[in-house]
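Asks: What follows is run_7.pdb, PDB, C-alpha atoms.
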```pdb
ATOM      1  CA  MET M   1    -265.681  21.554-212.826
ATOM      2  CA  ASN M   2    -262.321  20.475-214.091
ATOM      3  CA  PRO M   3    -261.434  17.231-212.262
ATOM      4  CA  LYS M   4    -257.781  18.218-212.463
ATOM      5  CA  ARG M   5    -258.064  21.362-210.383
ATOM      6  CA  CYS M   6    -255.010  22.247-208.330
ATOM      7  CA  ALA M   7    -255.211  22.087-204.534
ATOM      8  CA  ALA M   8    -255.610  25.868-204.336
ATOM      9  CA  CYS M   9    -258.590  26.042-206.682
ATOM     10  CA  LYS M  10    -260.161  23.029-204.996
ATOM     11  CA  TYR M  11    -259.813  24.748-201.647
ATOM     12  CA  LEU M  12    -261.152  28.024-202.993
ATOM     13  CA  ARG M  13    -263.922  26.188-204.851
ATOM     14  CA  ARG M  14    -263.298  27.821-208.151
ATOM     15  CA  ARG M  15    -262.430  26.894-211.685
ATOM     16  CA  CYS M  16    -258.752  26.137-212.241
ATOM     17  CA  PRO M  17    -257.660  28.028-215.370
ATOM     18  CA  LYS M  18    -254.906  26.808-217.681
ATOM     19  CA  ASP M  19    -252.579  29.575-216.468
ATOM     20  CA  CYS M  20    -253.463  29.225-212.764
ATOM     21  CA  ILE M  21    -250.559  30.702-210.835
ATOM     22  CA  PHE M  22    -250.906  28.148-208.029
ATOM     23  CA  ALA M  23    -251.227  24.996-210.124
ATOM     24  CA  PRO M  24    -247.492  24.226-210.626
ATOM     25  CA  TYR M  25    -246.829  24.417-206.865
ATOM     26  CA  PHE M  26    -249.954  23.052-205.230
ATOM     27  CA  PRO M  27    -250.757  19.652-206.753
ATOM     28  CA  PRO M  28    -254.212  18.217-205.940
ATOM     29  CA  ASN M  29    -252.716  15.329-203.963
ATOM     30  CA  ASP M  30    -251.477  17.640-201.171
ATOM     31  CA  PRO M  31    -254.379  19.799-199.986
ATOM     32  CA  ALA M  32    -252.819  20.479-196.572
ATOM     33  CA  LYS M  33    -249.980  22.466-198.135
ATOM     34  CA  PHE M  34    -252.239  25.132-199.581
ATOM     35  CA  ALA M  35    -254.572  25.095-196.582
ATOM     36  CA  CYS M  36    -251.669  25.953-194.273
ATOM     37  CA  ILE M  37    -250.321  28.734-196.471
ATOM     38  CA  HIS M  38    -253.806  30.169-197.025
ATOM     39  CA  ARG M  39    -254.466  30.245-193.296
ATOM     40  CA  ILE M  40    -251.413  32.412-192.610
ATOM     41  CA  TYR M  41    -250.956  34.518-195.724
ATOM     42  CA  GLY M  42    -254.202  34.309-197.659
ATOM     43  CA  ALA M  43    -254.549  33.308-201.301
ATOM     44  CA  GLY M  44    -254.517  36.890-202.569
ATOM     45  CA  ASN M  45    -251.240  37.755-200.862
ATOM     46  CA  VAL M  46    -249.545  34.564-202.036
ATOM     47  CA  SER M  47    -250.747  35.189-205.584
ATOM     48  CA  LYS M  48    -249.387  38.769-205.498
ATOM     49  CA  MET M  49    -246.040  37.593-204.105
ATOM     50  CA  LEU M  50    -245.672  34.921-206.780
ATOM     51  CA  GLN M  51    -246.618  37.316-209.565
ATOM     52  CA  GLN M  52    -243.811  39.636-208.523
ATOM     53  CA  LEU M  53    -241.218  36.857-208.819
ATOM     54  CA  PRO M  54    -239.588  35.408-211.927
ATOM     55  CA  ASP M  55    -240.843  31.917-212.841
ATOM     56  CA  GLN M  56    -237.648  30.127-211.907
ATOM     57  CA  THR M  57    -237.736  31.335-208.276
ATOM     58  CA  ARG M  58    -241.409  30.685-207.561
ATOM     59  CA  ALA M  59    -241.022  27.050-206.495
ATOM     60  CA  GLU M  60    -238.426  28.009-203.864
ATOM     61  CA  ALA M  61    -240.592  30.904-202.703
ATOM     62  CA  VAL M  62    -243.583  28.580-202.253
ATOM     63  CA  GLU M  63    -241.485  26.102-200.255
ATOM     64  CA  SER M  64    -240.175  28.816-197.946
ATOM     65  CA  LEU M  65    -243.667  30.287-197.503
ATOM     66  CA  CYS M  66    -245.003  26.820-196.646
ATOM     67  CA  PHE M  67    -242.224  26.311-194.134
ATOM     68  CA  GLU M  68    -242.864  29.642-192.457
ATOM     69  CA  ALA M  69    -246.609  29.056-192.443
ATOM     70  CA  LYS M  70    -246.130  25.657-190.816
ATOM     71  CA  CYS M  71    -243.821  27.191-188.213
ATOM     72  CA  ARG M  72    -246.454  29.798-187.471
ATOM     73  CA  VAL M  73    -249.192  27.168-187.121
ATOM     74  CA  ASP M  74    -246.972  25.130-184.775
ATOM     75  CA  ASP M  75    -245.899  28.192-182.772
ATOM     76  CA  PRO M  76    -248.496  30.968-183.132
ATOM     77  CA  VAL M  77    -246.476  33.400-181.004
ATOM     78  CA  TYR M  78    -242.984  33.204-182.486
ATOM     79  CA  GLY M  79    -243.286  31.210-185.727
ATOM     80  CA  CYS M  80    -239.931  30.605-187.376
ATOM     81  CA  VAL M  81    -238.418  33.475-185.396
ATOM     82  CA  GLY M  82    -238.327  30.976-182.533
ATOM     83  CA  ILE M  83    -236.011  28.778-184.590
ATOM     84  CA  ILE M  84    -233.772  31.748-185.380
ATOM     85  CA  HIS M  85    -233.519  32.534-181.681
ATOM     86  CA  LEU M  86    -232.711  28.911-180.883
ATOM     87  CA  LEU M  87    -229.950  28.850-183.501
ATOM     88  CA  GLN M  88    -228.488  32.113-182.227
ATOM     89  CA  THR M  89    -228.359  30.633-178.719
ATOM     90  CA  GLN M  90    -226.673  27.492-180.092
ATOM     91  CA  ILE M  91    -224.110  29.646-181.889
ATOM     92  CA  GLN M  92    -223.382  31.623-178.735
ATOM     93  CA  ASN M  93    -222.953  28.422-176.703
ATOM     94  CA  ALA M  94    -220.743  26.854-179.378
ATOM     95  CA  GLN M  95    -218.565  29.980-179.553
ATOM     96  CA  ASN M  96    -218.132  29.971-175.757
ATOM     97  CA  GLU M  97    -217.296  26.272-175.773
ATOM     98  CA  LEU M  98    -214.836  26.771-178.629
ATOM     99  CA  ALA M  99    -213.089  29.645-176.874
ATOM    100  CA  LYS M 100    -212.816  27.562-173.699
ATOM    101  CA  THR M 101    -211.481  24.537-175.596
ATOM    102  CA  GLN M 102    -208.961  26.612-177.533
ATOM    103  CA  ALA M 103    -207.712  28.075-174.240
ATOM    104  CA  GLU M 104    -207.317  24.521-172.919
ATOM    105  CA  VAL M 105    -205.371  23.617-176.058
ATOM    106  CA  ALA M 106    -203.040  26.560-175.475
ATOM    107  CA  VAL M 107    -202.486  25.535-171.851
ATOM    108  CA  ALA M 108    -201.890  21.912-172.797
ATOM    109  CA  GLN M 109    -199.424  22.927-175.511
ATOM    110  CA  THR M 110    -197.552  25.124-173.049
ATOM    111  CA  LYS M 111    -197.358  22.282-170.524
ATOM    112  CA  LEU M 112    -196.165  19.900-173.208
ATOM    113  CA  SER M 113    -193.392  22.178-174.387
ATOM    114  CA  GLN M 114    -192.343  22.847-170.771
ATOM    115  CA  THR M 115    -192.183  19.102-170.157
ATOM    116  CA  GLN M 116    -190.191  18.574-173.318
ATOM    117  CA  ASN M 117    -187.771  21.343-172.385
ATOM    118  CA  SER M 118    -187.246  19.940-168.887
ATOM    119  CA  ASP M 119    -186.474  16.530-170.401
ATOM    120  CA  PHE M 120    -183.644  18.095-172.353
TER     121      PHE M 120
ATOM    122  CA  MET K   1    -262.391  56.997-183.364
ATOM    123  CA  ALA K   2    -260.171  55.743-180.556
ATOM    124  CA  GLY K   3    -261.079  58.628-178.267
ATOM    125  CA  PRO K   4    -261.970  62.338-178.306
ATOM    126  CA  GLY K   5    -258.338  63.425-178.190
ATOM    127  CA  SER K   6    -256.410  60.433-179.522
ATOM    128  CA  SER K   7    -255.635  59.653-183.138
ATOM    129  CA  PRO K   8    -256.489  56.332-184.783
ATOM    130  CA  CYS K   9    -253.892  53.569-184.633
ATOM    131  CA  ALA K  10    -251.632  52.995-187.616
ATOM    132  CA  SER K  11    -253.719  50.073-188.860
ATOM    133  CA  CYS K  12    -257.020  51.961-188.833
ATOM    134  CA  LYS K  13    -255.298  54.899-190.512
ATOM    135  CA  LEU K  14    -254.027  52.665-193.295
ATOM    136  CA  LEU K  15    -257.344  50.831-193.599
ATOM    137  CA  ARG K  16    -259.198  54.150-193.445
ATOM    138  CA  ARG K  17    -261.685  53.082-190.864
ATOM    139  CA  ARG K  18    -262.900  54.119-187.476
ATOM    140  CA  CYS K  19    -260.513  53.046-184.711
ATOM    141  CA  ALA K  20    -262.730  51.457-182.075
ATOM    142  CA  LYS K  21    -261.986  51.614-178.343
ATOM    143  CA  ASP K  22    -261.271  47.885-178.335
ATOM    144  CA  CYS K  23    -259.381  47.893-181.646
ATOM    145  CA  ILE K  24    -257.253  44.733-181.603
ATOM    146  CA  PHE K  25    -254.395  46.454-183.429
ATOM    147  CA  ALA K  26    -254.235  49.668-181.437
ATOM    148  CA  PRO K  27    -251.930  48.480-178.580
ATOM    149  CA  TYR K  28    -249.341  47.163-181.036
ATOM    150  CA  PHE K  29    -249.441  49.574-183.958
ATOM    151  CA  PRO K  30    -249.142  53.102-182.636
ATOM    152  CA  PRO K  31    -249.887  55.947-185.064
ATOM    153  CA  ASP K  32    -246.291  57.198-184.994
ATOM    154  CA  ASP K  33    -244.999  54.073-186.792
ATOM    155  CA  PRO K  34    -247.116  53.541-189.900
ATOM    156  CA  HIS K  35    -244.456  51.447-191.612
ATOM    157  CA  LYS K  36    -244.770  48.655-189.021
ATOM    158  CA  PHE K  37    -248.383  47.879-189.876
ATOM    159  CA  ALA K  38    -247.912  48.578-193.565
ATOM    160  CA  ILE K  39    -245.327  45.836-193.918
ATOM    161  CA  VAL K  40    -247.296  43.292-191.881
ATOM    162  CA  HIS K  41    -250.411  44.081-193.905
ATOM    163  CA  LYS K  42    -248.496  43.708-197.152
ATOM    164  CA  VAL K  43    -247.251  40.206-196.319
ATOM    165  CA  PHE K  44    -249.945  38.710-194.111
ATOM    166  CA  GLY K  45    -253.018  40.890-194.597
ATOM    167  CA  ALA K  46    -254.909  42.750-191.894
ATOM    168  CA  SER K  47    -257.663  40.180-191.474
ATOM    169  CA  ASN K  48    -255.176  37.294-191.089
ATOM    170  CA  VAL K  49    -253.219  39.256-188.488
ATOM    171  CA  SER K  50    -256.429  40.084-186.682
ATOM    172  CA  LYS K  51    -257.476  36.396-186.642
ATOM    173  CA  MET K  52    -254.029  35.338-185.384
ATOM    174  CA  LEU K  53    -254.101  37.881-182.563
ATOM    175  CA  GLN K  54    -257.639  36.961-181.548
ATOM    176  CA  GLU K  55    -256.532  33.332-181.103
ATOM    177  CA  LEU K  56    -253.801  34.338-178.669
ATOM    178  CA  PRO K  57    -254.028  35.356-174.999
ATOM    179  CA  VAL K  58    -253.479  39.079-174.513
ATOM    180  CA  HIS K  59    -250.092  38.725-172.794
ATOM    181  CA  GLN K  60    -248.617  36.964-175.851
ATOM    182  CA  ARG K  61    -249.885  39.304-178.525
ATOM    183  CA  ALA K  62    -247.037  41.819-178.327
ATOM    184  CA  ASP K  63    -244.469  39.084-178.938
ATOM    185  CA  ALA K  64    -246.562  37.673-181.765
ATOM    186  CA  VAL K  65    -246.763  41.095-183.431
ATOM    187  CA  ASN K  66    -243.011  41.593-183.114
ATOM    188  CA  SER K  67    -242.293  38.211-184.684
ATOM    189  CA  LEU K  68    -244.765  38.901-187.495
ATOM    190  CA  VAL K  69    -243.086  42.246-188.173
ATOM    191  CA  PHE K  70    -239.707  40.501-188.224
ATOM    192  CA  GLU K  71    -240.923  37.853-190.670
ATOM    193  CA  ALA K  72    -242.617  40.436-192.869
ATOM    194  CA  ASN K  73    -239.438  42.513-193.024
ATOM    195  CA  ALA K  74    -237.409  39.423-193.902
ATOM    196  CA  ARG K  75    -239.872  38.517-196.666
ATOM    197  CA  VAL K  76    -239.797  42.015-198.148
ATOM    198  CA  ARG K  77    -235.978  42.024-198.093
ATOM    199  CA  ASP K  78    -235.786  38.537-199.601
ATOM    200  CA  PRO K  79    -239.013  37.754-201.483
ATOM    201  CA  VAL K  80    -237.874  34.221-202.365
ATOM    202  CA  TYR K  81    -236.541  32.856-199.055
ATOM    203  CA  GLY K  82    -237.656  35.290-196.354
ATOM    204  CA  CYS K  83    -236.648  34.062-192.882
ATOM    205  CA  VAL K  84    -235.636  30.671-194.246
ATOM    206  CA  GLY K  85    -232.552  32.337-195.738
ATOM    207  CA  ALA K  86    -231.503  33.508-192.286
ATOM    208  CA  ILE K  87    -232.176  30.061-190.798
ATOM    209  CA  SER K  88    -230.041  28.428-193.483
ATOM    210  CA  TYR K  89    -227.184  30.858-192.813
ATOM    211  CA  LEU K  90    -227.327  30.313-189.044
ATOM    212  CA  GLN K  91    -227.448  26.535-189.413
ATOM    213  CA  ASN K  92    -224.290  26.679-191.531
ATOM    214  CA  GLN K  93    -222.613  28.735-188.802
ATOM    215  CA  VAL K  94    -223.587  26.148-186.195
ATOM    216  CA  SER K  95    -222.137  23.360-188.353
ATOM    217  CA  GLN K  96    -218.865  25.204-188.835
ATOM    218  CA  LEU K  97    -218.512  25.945-185.130
ATOM    219  CA  GLN K  98    -219.237  22.325-184.251
ATOM    220  CA  MET K  99    -216.516  21.276-186.682
ATOM    221  CA  GLN K 100    -214.000  23.703-185.175
ATOM    222  CA  LEU K 101    -214.932  22.479-181.698
ATOM    223  CA  ALA K 102    -214.399  18.864-182.684
ATOM    224  CA  VAL K 103    -210.989  19.727-184.137
ATOM    225  CA  ALA K 104    -209.980  21.576-180.969
ATOM    226  CA  GLN K 105    -211.138  18.688-178.759
ATOM    227  CA  ALA K 106    -209.217  16.200-180.873
ATOM    228  CA  GLU K 107    -206.165  18.434-180.592
ATOM    229  CA  ILE K 108    -206.372  18.317-176.794
ATOM    230  CA  LEU K 109    -206.579  14.541-176.873
ATOM    231  CA  CYS K 110    -203.547  14.347-179.103
ATOM    232  CA  ILE K 111    -201.559  16.621-176.804
ATOM    233  CA  GLN K 112    -202.635  14.585-173.787
ATOM    234  CA  MET K 113    -201.497  11.431-175.549
ATOM    235  CA  GLN K 114    -198.126  13.055-176.155
ATOM    236  CA  ASN K 115    -197.949  14.089-172.496
ATOM    237  CA  GLU K 116    -198.746  10.724-170.987
ATOM    238  CA  PRO K 117    -195.713   8.769-172.165
ATOM    239  CA  THR K 118    -193.578  11.731-171.028
ATOM    240  CA  LEU K 119    -195.189  11.727-167.556
ATOM    241  CA  GLN K 120    -194.804   8.005-167.112
ATOM    242  CA  SER K 121    -191.204   7.962-168.251
ATOM    243  CA  HIS K 122    -190.494  11.028-166.129
ATOM    244  CA  HIS K 123    -191.358   9.085-162.965
ATOM    245  CA  GLN K 124    -189.496   6.021-164.086
ATOM    246  CA  VAL K 125    -186.357   7.995-164.929
ATOM    247  CA  LEU K 126    -186.039   9.214-161.371
ATOM    248  CA  GLU K 127    -185.691   5.650-160.128
ATOM    249  CA  LEU K 128    -183.128   4.433-162.660
ATOM    250  CA  ASP K 129    -179.444   4.871-163.105
ATOM    251  CA  GLN K 130    -177.945   7.210-165.693
ATOM    252  CA  GLU K 131    -177.482   4.616-168.430
ATOM    253  CA  HIS K 132    -181.085   3.544-168.332
ATOM    254  CA  LYS K 133    -182.290   7.162-168.110
ATOM    255  CA  ALA K 134    -180.561   8.053-171.367
ATOM    256  CA  LEU K 135    -182.059   5.048-173.127
ATOM    257  CA  LEU K 136    -185.629   5.798-171.981
ATOM    258  CA  LEU K 137    -185.420   9.497-172.924
ATOM    259  CA  GLN K 138    -184.284   8.588-176.419
ATOM    260  CA  ASN K 139    -187.227   6.217-176.950
ATOM    261  CA  ASN K 140    -189.686   8.784-175.597
ATOM    262  CA  ASN K 141    -188.526  11.483-178.009
ATOM    263  CA  ASN K 142    -189.000   9.105-180.927
ATOM    264  CA  ASN K 143    -192.609   8.475-179.879
ATOM    265  CA  ILE K 144    -193.406  12.194-179.637
ATOM    266  CA  ASN K 145    -191.979  12.859-183.085
ATOM    267  CA  ASN K 146    -194.080  10.090-184.582
ATOM    268  CA  CYS K 147    -197.276  11.602-183.153
ATOM    269  CA  SER K 148    -196.421  15.084-184.454
ATOM    270  CA  ASN K 149    -195.517  13.856-187.903
ATOM    271  CA  ASN K 150    -198.667  11.805-188.207
ATOM    272  CA  ASN K 151    -200.530  14.549-190.126
ATOM    273  CA  ASN K 152    -202.429  15.824-187.108
ATOM    274  CA  THR K 153    -205.146  17.742-188.944
ATOM    275  CA  ASN K 154    -206.381  14.781-190.943
ATOM    276  CA  ASN K 155    -206.303  12.501-187.923
ATOM    277  CA  ASN K 156    -208.198  15.019-185.817
ATOM    278  CA  LEU K 157    -210.897  15.434-188.459
ATOM    279  CA  GLY K 158    -211.071  11.721-189.014
ATOM    280  CA  TYR K 159    -211.551  11.144-185.298
ATOM    281  CA  ALA K 160    -214.168  13.877-185.093
ATOM    282  CA  MET K 161    -216.097  12.565-188.094
ATOM    283  CA  SER K 162    -216.063   8.966-186.915
ATOM    284  CA  SER K 163    -217.261   9.998-183.475
ATOM    285  CA  GLY K 164    -220.226  11.785-185.180
ATOM    286  CA  GLN K 165    -219.573  15.034-183.399
ATOM    287  CA  PHE K 166    -220.704  17.310-186.151
ATOM    288  CA  ASN K 167    -223.165  17.431-188.994
ATOM    289  CA  SER K 168    -221.762  18.802-192.207
ATOM    290  CA  ASN K 169    -225.093  18.932-194.087
ATOM    291  CA  PHE K 170    -225.894  22.387-195.393
ATOM    292  CA  ALA K 171    -229.531  23.319-195.167
ATOM    293  CA  SER K 172    -232.089  22.816-197.853
ATOM    294  CA  PRO K 173    -235.711  23.776-197.078
ATOM    295  CA  SER K 174    -236.707  20.142-196.399
ATOM    296  CA  SER K 175    -233.714  19.527-194.123
ATOM    297  CA  ILE K 176    -234.528  22.751-192.282
ATOM    298  CA  MET K 177    -238.016  21.418-191.626
ATOM    299  CA  GLN K 178    -236.567  18.166-190.229
ATOM    300  CA  MET K 179    -234.111  20.135-188.105
ATOM    301  CA  GLN K 180    -236.974  22.195-186.726
ATOM    302  CA  MET K 181    -238.802  19.081-185.584
ATOM    303  CA  GLN K 182    -235.661  17.725-183.903
ATOM    304  CA  MET K 183    -234.956  21.006-182.135
ATOM    305  CA  GLN K 184    -238.473  21.288-180.835
ATOM    306  CA  MET K 185    -238.173  17.818-179.346
ATOM    307  CA  GLN K 186    -234.822  18.531-177.713
ATOM    308  CA  ASP K 187    -235.448  22.051-176.467
ATOM    309  CA  PRO K 188    -238.776  22.945-174.932
ATOM    310  CA  LEU K 189    -240.032  26.255-176.248
ATOM    311  CA  LYS K 190    -238.978  29.345-174.378
ATOM    312  CA  GLN K 191    -241.097  30.489-171.506
ATOM    313  CA  GLU K 192    -240.000  34.098-171.506
ATOM    314  CA  SER K 193    -240.242  36.732-174.196
ATOM    315  CA  LEU K 194    -237.613  36.779-176.951
ATOM    316  CA  TRP K 195    -237.788  40.518-177.147
ATOM    317  CA  THR K 196    -236.648  41.445-173.572
TER     318      THR K 196
END
```
Mind turning this structure into structure tokens?

Replies:
Amino acid sequence: MNPKRCAACKYLRRRCPKDCIFAPYFPPNDPAKFACIHRIYGAGNVSKMLQQLPDQTRAEAVESLCFEAKCRVDDPVYGCVGIIHLLQTQIQNAQNELAKTQAEVAVAQTKLSQTQNSDF
Amino acid sequence: MAGPGSSPCASCKLLRRRCAKDCIFAPYFPPDDPHKFAIVHKVFGASNVSKMLQELPVHQRADAVNSLVFEANARVRDPVYGCVGAISYLQNQVSQLQMQLAVAQAEILCIQMQNEPTLQSHHQVLELDQEHKALLLQNNNNNINNCSNNNNTNNNLGYAMSSGQFNSNFASPSSIMQMQMQMQMQDPLKQESLWT
């Protein structure tokens, strides 16, 4: 066996060919990365997805797949959709707070101009 | 088959197999929506979905299926970033809103600072004679003009930035992962369904 197998081929216990589609993105020093992605998506699905992408976008695709897989392992019910929901709630709260603060600014500006007018 | 009169669920139809009475997919993939299972199967694979559902209590499986369908749709729409693209966009929105909020809060402070000298001098003026009133009002107006001319926007932003009220970092995948860990520590995960 080639001692320089990528993490994917090590995990799958197979020979790592020169043109292995996983090798550039799953170095042998990080076995957990492929294990996580394999658990959620499966090697075959990841391979198909990468094959359908141009070379220059594959690294980003692998990173986003790893992130989503990790989210799913951490939260088996909602995965990264839980994060999306959390962010949407934060946005709603921030918008409400902003509207309230801007109303306070308007009131304060009105009071200030009234005070300035009464001084004159 | 699922029953003498009922048709197989969408997953068993796609997988061309007998739909057992206790088919794990049947409650969540009705036969009238074949696309739902097709997209989940395309991204995750039927056996992975089956394993994931088996590891969950029954009352959480519907939510899990809905989130998997959502993620699968996002991945098909954006094969490179999937849901991470949406997370990045939303995080940018949060940052921008926090910035606007900080500016508005700084604006209130500035207005309050302008008000205070006016309020104090207003009380004092009532107690003084006319000559002293005129002198105090003149000084007060000079102070207000200085505050207004002091390039308010820059001062407000400077105040907001120094008080650390907002984070202007735009998301990269690694920073999104760090953000996720922070959010999970600050906000306990929801108890109720996201889909109600």

Asks: Sorted by chain and rising residue number, which residues of chain M lie within 8 Å of chain K, and what are their closest atom pairs and distances in Å to one decimal, counting only C-alpha atoms, as a tab-separated table?

Replies:
```
residue	atom	partner	partner_atom	distance
M:Arg39	CA	K:Asn48	CA	7.4
M:Ile40	CA	K:Asn48	CA	6.3
M:Tyr41	CA	K:Phe44	CA	4.6
M:Gly42	CA	K:Phe44	CA	7.1
M:Asn45	CA	K:Val43	CA	6.5
M:Met49	CA	K:Pro79	CA	7.5
M:Leu53	CA	K:Pro79	CA	7.7
M:Thr57	CA	K:Val80	CA	6.6
M:Arg58	CA	K:Val80	CA	7.2
M:Glu60	CA	K:Val80	CA	6.4
M:Ala61	CA	K:Val80	CA	4.3
M:Glu63	CA	K:Pro173	CA	7.0
M:Ser64	CA	K:Tyr81	CA	5.5
M:Leu65	CA	K:Tyr81	CA	7.7
M:Phe67	CA	K:Met177	CA	6.9
M:Glu68	CA	K:Val84	CA	7.5
M:Pro76	CA	K:Ala64	CA	7.1
M:Val77	CA	K:Ala64	CA	4.3
M:Tyr78	CA	K:Ser67	CA	5.5
M:Gly79	CA	K:Ser67	CA	7.1
M:Cys80	CA	K:Cys83	CA	7.3
M:Val81	CA	K:Ser67	CA	6.2
M:Ile83	CA	K:Gln180	CA	7.0
M:Ile84	CA	K:Ile87	CA	5.9
M:His85	CA	K:Leu194	CA	7.6
M:Leu87	CA	K:Leu90	CA	6.3
M:Gln88	CA	K:Leu90	CA	7.1
M:Gln90	CA	K:Val94	CA	7.0
M:Ile91	CA	K:Val94	CA	5.6
M:Ala94	CA	K:Leu97	CA	6.2
M:Gln95	CA	K:Leu97	CA	6.9
M:Glu97	CA	K:Leu101	CA	7.4
M:Leu98	CA	K:Leu101	CA	5.3
M:Thr101	CA	K:Ala104	CA	6.3
M:Gln102	CA	K:Ala104	CA	6.2
M:Glu104	CA	K:Ile108	CA	7.4
M:Val105	CA	K:Ile108	CA	5.4
M:Ala108	CA	K:Ile111	CA	6.6
M:Gln109	CA	K:Ile111	CA	6.8
M:Leu112	CA	K:Asn115	CA	6.1
M:Thr115	CA	K:Thr118	CA	7.6
M:Gln116	CA	K:Thr118	CA	8.0
M:Asp119	CA	K:Leu137	CA	7.5
```

Asks: What is the CA of Leu14 in chain K to CA of Leu50 in chain M distance in Å?

Replies: 23.8 Å

Asks: Calculate how many Å separate CA of Arg17 in chain K from CA of Gln54 in chain K, rounding to one decimal.

Replies: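 Pair CA of Arg17 in chain K / CA of Gln54 in chain K returns 19.1 Å.
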
Asks: Please report the interatomic distance between CA of Lys4 in chain M and CA of Cys66 in chain M in Å with one decimal.

Replies: 22.1 Å

Asks: List the spatial neighbours of Pro31 in chain M as JSON, numbers by chain - criterion: any atom at most 12 Å away, all atoms listed in the file, same-chain residues fewer than 4 positions off excluded.

Replies: {"M": [5, 6, 7, 8, 9, 10, 11, 12, 23, 25, 26, 27, 35, 36, 37, 38]}

Asks: Please write the residues from the selection above to a file, keeping C-alpha atoms, as a short mmCIF file (atom, residue, chain, number, x, y, z; two decimals), in the coordinates of the input.

Replies:
```
data_model
loop_
_atom_site.label_atom_id
_atom_site.label_comp_id
_atom_site.auth_asym_id
_atom_site.auth_seq_id
_atom_site.Cartn_x
_atom_site.Cartn_y
_atom_site.Cartn_z
CA ARG M 5 -258.06 21.36 -210.38
CA CYS M 6 -255.01 22.25 -208.33
CA ALA M 7 -255.21 22.09 -204.53
CA ALA M 8 -255.61 25.87 -204.34
CA CYS M 9 -258.59 26.04 -206.68
CA LYS M 10 -260.16 23.03 -205.00
CA TYR M 11 -259.81 24.75 -201.65
CA LEU M 12 -261.15 28.02 -202.99
CA ALA M 23 -251.23 25.00 -210.12
CA TYR M 25 -246.83 24.42 -206.86
CA PHE M 26 -249.95 23.05 -205.23
CA PRO M 27 -250.76 19.65 -206.75
CA ALA M 35 -254.57 25.10 -196.58
CA CYS M 36 -251.67 25.95 -194.27
CA ILE M 37 -250.32 28.73 -196.47
CA HIS M 38 -253.81 30.17 -197.02
#
```
